[in-house]
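Trainee: Just passing along the structure, written as structure tokens.
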Amino acid sequence: YWMWYRLFFAVNGPSSDFTNYPPLPLPAAAAIALLAIAVFVVIKWWRKIFHNNIYLVMLLLVSTIYIAALFSQGYASYHYTDVLENMNGRYLLPVILFLAAIAAKGLSVALRNLPSLKYLLVAGVIVLFLQGGGFLTFISRSDDSWDIQNSAVKKVNNTARKIVNPVIVNGKKTYTTTSWFFN
């Protein structure tokens with residue numbers, strides 16, 4: 001949970017004591033949905049995905065070893081300190097593209113007879129991630145104390161906030177529970 005959460009959350013600037021804001025709802029939910037679909041597809045069609053494709057097998061092996069090492073190191077650190085200090089989504093960035101390649105191959109196999117559904121799925125994913133994925137999360141969830149202290153930079157970012165905030169679904173900026181998922 002915390003790996004996912006810290007891949008999508010946003011931090012505000014010093015004027016709010018670097019407040020952590022929960023993820024924007026649509027891109028965070030899209031990631032969960034894509035992960036669930038990808039896992040289902042890869043499990044169901046694993047023979048067709050990996051048959052005679054040593055490169056995808058290697059990507060899966062490297063990703064699995066990396067994630068297992070990451071979790072074992074994080075667990076050992078937690079066991080020693082009682083603090084979840086190694087649970088950051090950014091640690092998954094080295095293997096996300098590998099896993100996305102495997103998921104894309106799986107979805108290609110699963111939807112090979114449904115080309116119109118492929119286009120609809122791609123369009124849906126793009127729309128959902130444009131709802132605040134990546135840098136848009138920080139633009140919409142921060143104030144100008146987070147920006148580089150330069151008047152031109154502040155003006156550009158404040159203009160971007162005025163454009164982005166009415167277009168994306170912001171959701172709540174505060175926590176009502178300890179878990180974002182139940183807000």
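Chain labels A, B, ... are given in the sequence in which chains occur in the structure tokens; within each chain residues are numbered consecutively from 1, and ligands are likewise numbered from 1 in the order shown.
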Using only C-alpha atoms, I'd like a table of the residues in range 113-142 of chain A that come within 8 Å of range 9-17 of chain A; for each, show the closest atom pair and its distance in Å rounded to one decimal, ordered by chain and ascending number, as a tab-separated table.
Mentor:
residue	atom	partner	partner_atom	distance
A:Thr137	CA	A:Ala10	CA	6.4
A:Phe138	CA	A:Ala10	CA	5.7
A:Arg141	CA	A:Ala10	CA	6.4
A:Ser142	CA	A:Asn12	CA	4.6
Trainee: Report the residues of range 37-104 of chain A whose backbone DSSP state falls under helix (DSSP H, G or I), written as number ranges by chain.
Mentor: A: 37-44, 46-50, 54-81, 89-104
Trainee: Any chance you could export the current selection's C-alpha atoms as a short mmCIF file (atom, residue, chain, number, x, y, z; two decimals), in the first residue's frame?
Mentor:
data_model
loop_
_atom_site.label_atom_id
_atom_site.label_comp_id
_atom_site.auth_asym_id
_atom_site.auth_seq_id
_atom_site.Cartn_x
_atom_site.Cartn_y
_atom_site.Cartn_z
CA ILE A 37 -6.00 -6.21 -15.07
CA ALA A 38 -2.33 -6.77 -15.93
CA VAL A 39 -1.85 -9.38 -13.20
CA PHE A 40 -5.00 -11.21 -14.32
CA VAL A 41 -3.98 -11.14 -17.98
CA VAL A 42 -0.40 -12.26 -17.31
CA ILE A 43 -1.54 -15.14 -15.12
CA LYS A 44 -4.24 -16.25 -17.56
CA TRP A 46 1.37 -16.54 -19.34
CA ARG A 47 2.26 -19.31 -21.82
CA LYS A 48 1.43 -17.19 -24.86
CA ILE A 49 3.17 -14.15 -23.38
CA PHE A 50 6.45 -15.80 -22.42
CA ILE A 54 13.45 -14.91 -23.45
CA TYR A 55 13.58 -11.11 -23.18
CA LEU A 56 10.26 -10.86 -21.38
CA VAL A 57 11.22 -13.79 -19.14
CA MET A 58 14.44 -11.96 -18.25
CA LEU A 59 12.56 -8.70 -17.57
CA LEU A 60 10.16 -10.55 -15.28
CA LEU A 61 13.00 -12.32 -13.49
CA VAL A 62 15.00 -9.12 -12.97
CA SER A 63 11.88 -7.27 -11.76
CA THR A 64 10.91 -10.06 -9.38
CA ILE A 65 14.40 -10.28 -7.88
CA TYR A 66 14.60 -6.48 -7.54
CA ILE A 67 11.19 -6.21 -5.85
CA ALA A 68 11.94 -9.16 -3.54
CA ALA A 69 15.27 -7.59 -2.55
CA LEU A 70 13.56 -4.24 -2.01
CA PHE A 71 10.92 -5.73 0.25
CA SER A 72 13.36 -7.89 2.18
CA GLN A 73 15.66 -4.91 2.78
CA GLY A 74 12.67 -2.77 3.77
CA TYR A 75 11.36 -5.46 6.11
CA ALA A 76 14.78 -5.95 7.71
CA SER A 77 15.06 -2.20 8.21
CA TYR A 78 11.54 -2.03 9.65
CA HIS A 79 12.26 -4.97 11.95
CA TYR A 80 15.35 -3.17 13.22
CA THR A 81 13.93 0.37 13.58
CA GLY A 89 7.17 4.30 -4.75
CA ARG A 90 10.17 5.86 -6.44
CA TYR A 91 12.10 2.69 -5.66
CA LEU A 92 9.87 0.88 -8.17
CA LEU A 93 10.74 3.26 -11.01
CA PRO A 94 13.69 1.13 -12.27
CA VAL A 95 11.36 -1.79 -13.02
CA ILE A 96 8.03 -0.13 -13.84
CA LEU A 97 8.89 0.06 -17.55
CA PHE A 98 9.89 -3.63 -17.56
CA LEU A 99 6.60 -4.59 -15.94
CA ALA A 100 4.68 -2.29 -18.28
CA ALA A 101 6.26 -4.07 -21.27
CA ILE A 102 5.12 -7.43 -19.91
CA ALA A 103 1.63 -6.06 -19.19
CA ALA A 104 1.43 -4.55 -22.69
#
Trainee: Report the distance between CA of Trp146 in chain A and CA of Asn86 in chain A in Å, rounded to one decimal place.
Mentor: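 Between CA of Trp146 in chain A and CA of Asn86 in chain A the gap is 24.2 Å.
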Trainee: Kindly indicate which residue among A:Leu111, A:Leu117, A:Val127, A:Val83 lies nearest to Ala30 in chain A, using only C-alpha atoms for the distances.
Mentor: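 Counting only C-alpha atoms, the residue closest to Ala30 in chain A is A:Val127.
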Trainee: How many Å separate CA of Asp143 in chain A from CA of Gln131 in chain A?
Mentor: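 A separation of 18.6 Å between them.
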